[in-house]
Every structure is written in C-alpha cells, then in structure tokens.
There are 2 protein chains.
Amino acid sequence: MSHGFARRLDLRGRVEMVHGGGGRAMTQLVEELFVAAFANPALQALNDQAVLPPPAGRLVMATDSHVVSPLFFPGGDIGSLAVHGTVNDVAMAGAVPLYLAAAFILEEGLPLADLARIVESMAAAARAAGVSIVTGDTKVVEAGKGDGVFITTTGVGMLAEGIDTGGARARPGDAILLSGTLGDHGVAIMACRDGLDFDVPIVSDSAALHGLVAALIAAVPGVRVLRDPTRGGLGATLNEIARASGVGMRLREASIPLHEPVRAACEFLGLDPLYVANEGKLVAIVPAAAAAAALAALRAHPLGREAALIGECVSDAQHFIELETAFGGRRVLDWLAGEQLPRIC
Amino acid sequence: MSHGFARRLDLRGRVEMVHGGGGRAMTQLVEELFVAAFANPALQALNDQAVLPPPAGRLVMATDSHVVSPLFFPGGDIGSLAVHGTVNDVAMAGAVPLYLAAAFILEEGLPLADLARIVESMAAAARAAGVSIVTGDTKVVEAGKGDGVFITTTGVGMLAEGIDTGGARARPGDAILLSGTLGDHGVAIMACRDGLDFDVPIVSDSAALHGLVAALIAAVPGVRVLRDPTRGGLGATLNEIARASGVGMRLREASIPLHEPVRAACEFLGLDPLYVANEGKLVAIVPAAAAAAALAALRAHPLGREAALIGECVSDAQHFIELETAFGGRRVLDWLAGEQLPRIC
C-alpha cells in the first residue's frame with residue numbers, strides 16, 4: 001500500500017514493515033513524526049548525518065540502548081528515559097551535553113499513537129535538558145522480532161579543560177556522596193509490571209542530571225569521580241569504581257536515603273534497594289576536605305535535596321565495599337551475581 | 001548463576017538475561033569480548049562514556065540501527081555492516097570519520113560464539129577504516145523479544161571548512177555520478193535468505209567509503225552532493241536529493257553499472273535493481289565542468305573502478321527522475337511506494 005504525501009500520517013494506524021523500507025512511507029514517518037517533534041536545523045536538513053559547529057573543548061560521547069518494559073511507567077516512558085539515560089552518561093564526565101542521535105527499532109504493529117506519544121516525550125525531555133536531537137534512524141522488524149520499540153540514543157558533549165571525573169580517581173580517605181534516594185526507578189517499573197498498587201504511588205526518578213553536575217563542579221572543581229547508579233544500582237556502581245580505583249569503601253546503611261514506600265515495596269518484592277536501578281541519581285566521590293561543600297551544593301539543587309554523605313574510601317587491596325548495617329553489623333556489598341531486574345532501562 | 005572473574009567467558013555458551021543485568025556477568029562479557037576486541041584507551045577506561053580530544057573543525061554525527069537478517073551473509077555480517085553503514089553516513093558529509101559508539105541489543109539464547117565472531121568482524125572493519133569504537137552499551141532481551149542481535153552504531157567525524165555536500169545543493173546542469181554497480185548488497189542478502197545458489201556467487205558490496213570520498217574531494221573540492229544509496233536504493237536516494245534540491249534528473253539506464261549475476265538474480269527474484277540497497281556505493285553530484293575530473297578520481301580508487309556518469313540534473317518543478325531505458329523508452333523513477341526488502345541493513 002502506498003502512502004501519498006498529500007495524505008497526512010494517520011496516527012490511528014500501526015507501524016507496518018513499509019515504514020522501514022526506505023521509500024515514501026518511511027520518509028513520511030520521519031518527517032511528520034520525528035523531524036516535526038525534534039525540530040532543529042541540523043535534523044531538518046534531512047541528510048543522513050548532522051553537521052554541527054566545532055565544539056570548544058574535549059568531546060564526550062556516550063551511547064545507550066533502551067529496552068525498558070513496559071514502554072510507559074509512572075514518572076516517564078521509554079522516550080524520556082532514552083534522553084535522560086544518555087544525557088546523564090555524558091554529564092557524568094563533567095561535560096555539557098549538546099547533541100543526541102536517536103535510533104529507533106520499531107516492531108511491526110506498534111500503534112502509531114504510542115510512538116507519537118513517546119516521540120513527544122523525548123522532544124520535551126530534550127528541550128528541558130537543552131540538548132538537540134540532531135540525527136536519527138528508523139528500522140522496522142517483523143511482529144515477534146522486537147518488543148514495541150527499542151531506542152538507542154547517543155550523546156555528544158563538551159568537556160572543559162581540567163575536569164576529570166573518571167572511575168579510576170577515587171583515593172583512600174575520599175568522601176562518598178549520593179544525590180538522593182535509591183531504588184525509585186527500578187521499583188516503579190517492577191510495580192508497574194506486576195500490576196501492584198501501593199498506597200503511595202512509586203514514581204521513577206528519571207531526570208537529566210547535568211544541571212546538578214554543573215552546580216557540584218562549580219562548588220568543588222576537584223570532584224574525583226561521578227557516576228550514575230543505573231543498572232545494578234549503587235552496589236554495582238561502587239564495585240566498579242572500587243575496582244577501577246584500587247580502593248575499598250565503607251558505607252553506613254543508615255545514611256543511605258530511601259523513600260519509605262520504596263523500602264516497603266522492596267521488602268514485598270524481595271529486592272535489595274542497594275542493587276535496584278536509578279535514573280536520576282549520582283554518586284560523587286570528593287576529597288574529604290571538600291565533602292561539606294559538595295553536600296551543600298547538591299542539596300541546594302532541586303534534584304539533590306535529599307543528598308547524603310554515605311561513606312568513605314579506604315585502603316583495601318581486595319576493593320571490598322563494606323556496609324555497616326542499621327543494626328550495627330557489617331556485610332560486604334558484593335558484585336551483583338545473578339540477574340536482578342531485566343529490561344529495567 | 002554466578003560467573004567469577006577467575007573463570008573466563010565460555011564462548012560455547014549462550015547469551016543469558018544475566019549478561020544484561022549490570023553485574024559481574026555483564027562486566028565480564030563487556031571486558032572479555034567487547035573491550036578486548038575493540039582495544040583502545042577511551043574504551044579501556046571502562047567509564048559510561050568516552051572522553052576524546054577536541055576535534056579541529058565542524059562535527060559530523062550519524063547513527064544507524066542494524067537489524068539485518070541473516071546475521072552472516074556473503075561479503076560480511078551485521079558487525080562489519082554496522083561499521084561500514086555509519087562510517088559511510090559520516091563520510092557522505094565529506095567528513096573524516098573518527099569515532100564510533102556501538103550499542104548491542106542481544107536476544108537471550110544467542111550463541112556467544114556468534115557474538116564473538118560478529119564483534120571480531122566489527123573490530124577488523126573499524127581497524128581497516130581507521131576509526132575507534134570508543135564507547136558502547138549492552139542490553140539483553142528475552143528470547144522472542146529480539147532477533148539474535150541488533151547493533152546501533154553512532155559515528156562522529158570531523159569536517160574541514162568549505163566542504164558542504166548536503167542533499168539540497170544539486171543544480172540544473174550538474175552531472176550525476178555513481179561509484180559502481182547497483183544491487184550487490186540487497187541481492188546477496190535476499191539470495192542468502194532464500195537459500196538460492198547462483199553459478200557466480202553474489203557478494204555484498206559492504207565497504208567503508210571515506211577513502212573514496214577523500215579522493216573525490218581532493219580532485220573536485222566543489223562536489224555538490226554526496227549520498228550512499230542504501231535502503232530504497234538509487235531510486236530513493238535520487239528522489240530525496242531531487243526534492244531537497246528542487247531539481248529534476250535525467251538518467252540513462254544503459255550507463256548504470258550492474259553485475260550480470262545481479263541483473264539475472266533481480267529478474268529471477270522480481271526485484272528492480274534501481275531500488276535495491278547498496279552498502280559500498282555513493283552517488284556524487286558535481287558541476288558539469290568537473291564531471292570528467294570527478295569520474296577519473298573515482299575510477300582511480302579501488303572502490304570506484306566501475307564508476308560511471310549516469311545522468312544530469314535538469315530544471316523540473318515536479319522533481320521527477322526520468323530514466324531513458326536501454327530500449328530508448330522513458331519511465332519515471334518514482335519514490336518506492338511499498339516495502340521492497342525488509343531487514344536488509
């Protein structure tokens with residue numbers, strides 16, 4: 001079946017294989033849905049690539065495929081998540097995110113209205129984050145060979161001289177800060193998937209963190225490490241940093257912020273909040289002397305109001321993360337061994 | 001099940017959900033397979049993003065998801081294709097490709113040996129093209145929610161001042177050149193999918209074209225338009241350019257290079273080679289006065305030996321692509337209406 005440009009894309013329809021074929025229907029989908037929503041000159045040129053001004057400073061590049069299920073969840077959807085996830089990976093280098101590329105793998109049969117809602121949500125998230133979606137791609141796979149839509153975003157940002165927040169820079173004595181509560185995203189997804197209804201609805205924390213990063217770096221230019229505890233949660237993130245830096249860590253469980261409904265839901269679902277994914281939180285490791293200034297800077301930002309000093313780095317040849325529990329015991333926060341939450345982002 | 005770092009990744013195994021979980025198994029897969037194959041300092045830093053030196057010149061950014069089926073085909077596989085496809089999109093801006101990001105969506109159950117073969121092929125293609133795979137991502141979806149592996153690559157390149165090869169710059173009178181034969185990639189995939197056996201095996205033309213582009217620009221800096229005729233083939237590419245530039249085109253069918261086995265296979269399969277995907281060809285539109293120099297530059301390069309002058313741009317308010325057939329008749333090369341070849345790239 002042929003789509004003429006005279007007829008507008010009918011959003012009551014569904015994704016068909018023809019939308020990926022390289023012809024008129026694909027051009028119409030791209031122009032009327034993606035280019036219209038992401039409106040910017042680089043994208044509107046309709047070339048197979050974006051030409052962008054020379055950036056001042058080092059380049060930062062990050063990519064993430066998003067396969068979250070379900071596509072829509074309390075606090076966001078795969079579209080906003082695909083913007084936040086990659087903006088945050090760029091931001092964790094201490095960089096200013098500038099551009100996103102967005103590649104869609106659509107499953108035949110996806111309602112076009114769902115796709116339009118996702119694309120609008122991406123556009124809104126990108127506008128709010130001050131980044132432009134400058135180039136993209138669309139592929140369609142047969143029903144049963146995908147799952148609605150997968151979105152891969154790649155971000156490019158600019159990094160000023162003198163900033164280095166890579167995972168290998170933590171030193172014994174450094175303070176470990178967390179920008180807010182743990183587990184909100186992962187538990188929101190799991191609750192949604194299991195059809196659970198809590199008295200207090202649990203909402204994903206999905207958010208773009210580059211503003212929070214900029215505020216922190218302005219206050220403490222000597223930040224050692226920044227990382228967002230996404231898949232695998234705080235446990236995986238701290239183990240990665242400890243291994244890369246060759247340090248151990250001591251954490252105080254009582255100081256780790258947790259929303260009460262999330263704590264209760266984790267208990268009910270059998271999840272450990274320390275391993276549950278977050279999409280709007282960061283871990284900052286700073287020299288001990290800068291801990292107070294860093295904490296104040298985080299707390300002064302809307303996305304860091306519940307920030308906390310949760311522990312410190314120590315000398316430990318085995319790079320263990322040791323947790324002092326709320327009851328005064330100790331346990332090692334090991335690498336996540338099995339799979340905890342599939343399709344969480 | 002837990003994978004210890006003490007035990008090496010067992011390539012006789014298969015992708016499991018745990019490989020996407022953010023824990024030890026994922027870290028092991030990333031380090032022992034991806035980082036080992038793509039070896040470069042930016043990737044080896046094991047951060048969630050790559051930090052890269054400031055480029056001199058404008059940035060070019062392109063992204064492509066690859067969903068080709070089957071994963072392995074004569075002349076390449078999804079790994080080499082994922083490198084070539086994005087390198088070419090960057091190169092068509094007249095830019096020098098520098099960096100790639102690679103995001104993998106793996107289906108549970110994919111043999112790890114297949115993944116390793118694909119990754120090695122990507123690494124070899126990237127080395128040959130002189131680009132580094134500097135950052136990446138891995139997600140795993142349940143069996144039946146993907147199709148083996150999808151690979152999204154995003155390329156960043158550097159564009160010197162004074163070069164502009166965007167699709168809107170063709171002018172009436174300009175010459176239209178094609179760098180070689182049509183249809184090899186699409187027909188190779190279709191033949192492979194249908195289990196067809198030809199006397200002369202048909203091999204994909206998948207190749208990185210940035211060297212050919214550099215040679216062409218060195219000879220003819222005033223190249224107006226460059227584009228690679230991938231999905232939708234020459235027909236879709238020329239229609240896109242004609243519309244963006246506001247010109248019509250006249251082509252001579254007899255001058256369009258075609259391998260005889262591809263012509264025969266197209267007849268057998270009921271395909272029009274003018275709409276079949278290519279992965280190692282480019283269309284160059286140049287001022288008429290530069291046509292001879294451009295053709296000579298293309299033909300002097302190994303990837304342009306069969307280059308040909310196939311037609312010219314004309315004034316036409318309707319932007320029609322008119323083809324003078326081998327028999328002296330005329331037909332309009334319209335936009336591809338239906339879907340011709342799904343999952344071709």
# chains A, B, ... in the order shown; residues from 1 in each chain; ligands from 1
>>> interface_residues(of="chain B", to="chain A", cutoff="7 Å", atoms="only C-alpha atoms", output="PDB file with C-alpha atoms, in the first residue's frame")
ATOM      1  CA  MET B   1      24.173 -18.473  38.186  1.00  0.00           C
ATOM      2  CA  SER B   2      27.293 -16.564  39.064  1.00  0.00           C
ATOM      3  CA  MET B  17      19.473 -12.475  30.730  1.00  0.00           C
ATOM      4  CA  VAL B  18      22.178 -12.140  33.399  1.00  0.00           C
ATOM      5  CA  GLY B  21      21.886  -7.285  34.433  1.00  0.00           C
ATOM      6  CA  GLY B  22      24.585  -4.783  35.320  1.00  0.00           C
ATOM      7  CA  GLY B  23      26.521  -7.225  37.479  1.00  0.00           C
ATOM      8  CA  ARG B  24      29.507  -9.484  37.211  1.00  0.00           C
ATOM      9  CA  ASN B  47      33.547   4.543  32.103  1.00  0.00           C
ATOM     10  CA  ASP B  48      29.989   5.026  30.849  1.00  0.00           C
ATOM     11  CA  GLN B  49      31.261   7.478  28.242  1.00  0.00           C
ATOM     12  CA  ALA B  50      34.386   8.267  26.225  1.00  0.00           C
ATOM     13  CA  VAL B  51      36.443  11.413  26.653  1.00  0.00           C
ATOM     14  CA  LEU B  52      38.108  12.415  23.382  1.00  0.00           C
ATOM     15  CA  PRO B  53      40.482  15.151  22.241  1.00  0.00           C
ATOM     16  CA  PRO B  54      38.950  18.342  20.821  1.00  0.00           C
ATOM     17  CA  GLY B  57      36.655  21.552  12.530  1.00  0.00           C
ATOM     18  CA  ARG B  58      32.933  21.045  12.457  1.00  0.00           C
ATOM     19  CA  LEU B  59      31.470  17.900  13.977  1.00  0.00           C
ATOM     20  CA  VAL B  60      29.541  15.378  11.955  1.00  0.00           C
ATOM     21  CA  MET B  61      27.283  12.878  13.719  1.00  0.00           C
ATOM     22  CA  ALA B  62      25.346   9.960  12.248  1.00  0.00           C
ATOM     23  CA  THR B  63      23.515   6.970  13.721  1.00  0.00           C
ATOM     24  CA  ASP B  64      22.142   3.737  12.275  1.00  0.00           C
ATOM     25  CA  SER B  65      20.480   0.718  13.825  1.00  0.00           C
ATOM     26  CA  ASP B  89      26.918   8.229   6.664  1.00  0.00           C
ATOM     27  CA  VAL B  90      29.662  10.344   8.263  1.00  0.00           C
ATOM     28  CA  ALA B 101      29.822   4.184  19.637  1.00  0.00           C
ATOM     29  CA  ALA B 103      25.146  -0.386  21.301  1.00  0.00           C
ATOM     30  CA  THR B 135      32.145   3.565  23.931  1.00  0.00           C
ATOM     31  CA  GLY B 136      29.274   1.118  23.975  1.00  0.00           C
ATOM     32  CA  ASP B 137      26.326  -0.464  25.680  1.00  0.00           C
ATOM     33  CA  LYS B 139      21.235  -4.849  26.691  1.00  0.00           C
ATOM     34  CA  VAL B 141      16.037  -9.016  25.909  1.00  0.00           C
ATOM     35  CA  GLY B 144      11.331 -13.972  21.289  1.00  0.00           C
ATOM     36  CA  LYS B 145      11.616 -10.236  22.004  1.00  0.00           C
ATOM     37  CA  GLY B 146      14.546  -9.602  19.663  1.00  0.00           C
ATOM     38  CA  ASP B 147      16.236 -11.434  16.799  1.00  0.00           C
ATOM     39  CA  THR B 152      23.264   0.543  16.681  1.00  0.00           C
ATOM     40  CA  THR B 154      26.847   6.175  16.023  1.00  0.00           C
ATOM     41  CA  GLY B 166      24.260  18.176   1.775  1.00  0.00           C
ATOM     42  CA  GLY B 167      21.346  16.935  -0.318  1.00  0.00           C
ATOM     43  CA  ARG B 231      17.750   1.293   1.788  1.00  0.00           C
ATOM     44  CA  GLY B 232      15.481   2.113  -1.143  1.00  0.00           C
ATOM     45  CA  ALA B 236      15.043   6.539  -3.200  1.00  0.00           C
ATOM     46  CA  TRP B 335       9.561   7.039  -4.861  1.00  0.00           C
ATOM     47  CA  LEU B 336       9.490   3.477  -3.697  1.00  0.00           C
ATOM     48  CA  ALA B 337       5.828   3.004  -2.787  1.00  0.00           C
ATOM     49  CA  GLY B 338       5.635  -0.324  -0.992  1.00  0.00           C
ATOM     50  CA  GLU B 339       8.181  -2.145   1.060  1.00  0.00           C
ATOM     51  CA  GLN B 340      10.674  -3.953  -1.138  1.00  0.00           C
ATOM     52  CA  LEU B 341      13.252  -5.679   1.030  1.00  0.00           C
ATOM     53  CA  PRO B 342      12.776  -5.791   4.804  1.00  0.00           C
ATOM     54  CA  ARG B 343      15.709  -6.200   7.232  1.00  0.00           C
TER      55      ARG B 343
END
>>> select_by_dssp(residues="stretch 74-241 of chain B", states="strand (DSSP E)", output="VMD selection string")
chain B and resid 76 to 77 96 to 107 132 to 141 149 to 159 175 to 178 225 to 227
>>> residues_around(residues="A:Ile217", least_positions_apart="4", cutoff="9 Å", atoms="only C-alpha atoms", output="MDAnalysis selection string")
chainID A and resid 94 163 212:213 221:223 294 297
>>> write_last_selection(atoms="N, CA and C atoms", output="PDB file, in the first residue's frame")
ATOM      1  N   GLY A  94      31.418  15.134  33.640  1.00  0.00           N
ATOM      2  CA  GLY A  94      31.581  16.543  33.979  1.00  0.00           C
ATOM      3  C   GLY A  94      31.370  17.435  32.770  1.00  0.00           C
ATOM      4  N   ILE A 163      38.876  19.145  34.007  1.00  0.00           N
ATOM      5  CA  ILE A 163      37.882  18.312  34.697  1.00  0.00           C
ATOM      6  C   ILE A 163      38.094  16.855  34.313  1.00  0.00           C
ATOM      7  N   LEU A 212      22.671  19.439  37.893  1.00  0.00           N
ATOM      8  CA  LEU A 212      23.183  19.088  39.220  1.00  0.00           C
ATOM      9  C   LEU A 212      24.708  18.919  39.170  1.00  0.00           C
ATOM     10  N   VAL A 213      25.188  18.301  38.106  1.00  0.00           N
ATOM     11  CA  VAL A 213      26.642  18.114  37.943  1.00  0.00           C
ATOM     12  C   VAL A 213      27.340  19.466  37.831  1.00  0.00           C
ATOM     13  N   PRO A 221      35.498  21.982  42.125  1.00  0.00           N
ATOM     14  CA  PRO A 221      36.088  21.624  40.825  1.00  0.00           C
ATOM     15  C   PRO A 221      36.939  20.362  40.905  1.00  0.00           C
ATOM     16  N   GLY A 222      37.380  20.012  42.095  1.00  0.00           N
ATOM     17  CA  GLY A 222      38.239  18.840  42.234  1.00  0.00           C
ATOM     18  C   GLY A 222      37.490  17.537  42.470  1.00  0.00           C
ATOM     19  N   VAL A 223      36.214  17.472  42.067  1.00  0.00           N
ATOM     20  CA  VAL A 223      35.452  16.213  42.184  1.00  0.00           C
ATOM     21  C   VAL A 223      36.283  15.087  41.580  1.00  0.00           C
ATOM     22  N   ALA A 294      30.549  20.000  48.860  1.00  0.00           N
ATOM     23  CA  ALA A 294      29.885  19.207  47.830  1.00  0.00           C
ATOM     24  C   ALA A 294      28.458  18.876  48.257  1.00  0.00           C
ATOM     25  N   ALA A 297      26.285  21.918  47.939  1.00  0.00           N
ATOM     26  CA  ALA A 297      25.969  22.228  46.536  1.00  0.00           C
ATOM     27  C   ALA A 297      24.892  21.289  46.006  1.00  0.00           C
TER      28      ALA A 297
END
>>> atom_distance(atom1="atom CA of A:Ser179", atom2="atom CA of B:Leu29")
29.5 Å
>>> residues_around(residues="stretch 285-292 of chain B", least_positions_apart="3", cutoff="8 Å", atoms="only C-alpha atoms", output="list in words")
Ala170, Arg171, Gly173, Asp174, Ala175, Ile176, Leu177, Val220, Gly222, Val223, Arg224, Val225, Leu226, Leu295, Ala296 and Leu309 of chain B
>>> residues_around(residues="B:Phe72", least_positions_apart="5", cutoff="12 Å", atoms="only C-alpha atoms", output="PyMOL selection string")
chain B and resi 67+77-81+114-115+117-118+121+148-149+188-189+192-193+203-204+344-345
>>> write_last_selection(atoms="C-alpha atoms", output="PDB file, in the first residue's frame")
ATOM      1  CA  VAL B  67      18.761  -5.300  12.046  1.00  0.00           C
ATOM      2  CA  ASP B  77      27.946  -9.767   8.626  1.00  0.00           C
ATOM      3  CA  ILE B  78      25.949  -7.462  10.872  1.00  0.00           C
ATOM      4  CA  GLY B  79      29.204  -6.395  12.582  1.00  0.00           C
ATOM      5  CA  SER B  80      31.118  -5.189   9.535  1.00  0.00           C
ATOM      6  CA  LEU B  81      27.899  -3.719   8.129  1.00  0.00           C
ATOM      7  CA  ASP B 114      28.245 -15.966  17.041  1.00  0.00           C
ATOM      8  CA  LEU B 115      28.526 -12.777  19.078  1.00  0.00           C
ATOM      9  CA  ARG B 117      32.531 -13.642  15.521  1.00  0.00           C
ATOM     10  CA  ILE B 118      30.438 -10.501  14.956  1.00  0.00           C
ATOM     11  CA  SER B 121      34.375  -8.611  12.432  1.00  0.00           C
ATOM     12  CA  GLY B 148      19.743 -12.556  17.667  1.00  0.00           C
ATOM     13  CA  VAL B 149      21.438  -9.199  17.805  1.00  0.00           C
ATOM     14  CA  ALA B 188      23.291 -11.038  -1.710  1.00  0.00           C
ATOM     15  CA  ILE B 189      21.030 -10.817   1.355  1.00  0.00           C
ATOM     16  CA  CYS B 192      21.124 -15.892   1.230  1.00  0.00           C
ATOM     17  CA  ARG B 193      17.710 -15.636   2.886  1.00  0.00           C
ATOM     18  CA  VAL B 203      28.617 -10.904  -2.644  1.00  0.00           C
ATOM     19  CA  SER B 204      27.587  -7.815  -0.673  1.00  0.00           C
ATOM     20  CA  ILE B 344      18.289  -5.518   4.527  1.00  0.00           C
ATOM     21  CA  CYS B 345      20.586  -3.470   6.783  1.00  0.00           C
TER      22      CYS B 345
END
>>> residues_around(residues="B:Ala254", least_positions_apart="3", cutoff="10 Å", atoms="only C-alpha atoms", output="PyMOL selection string")
chain B and resi 251+257-258+310+323-328
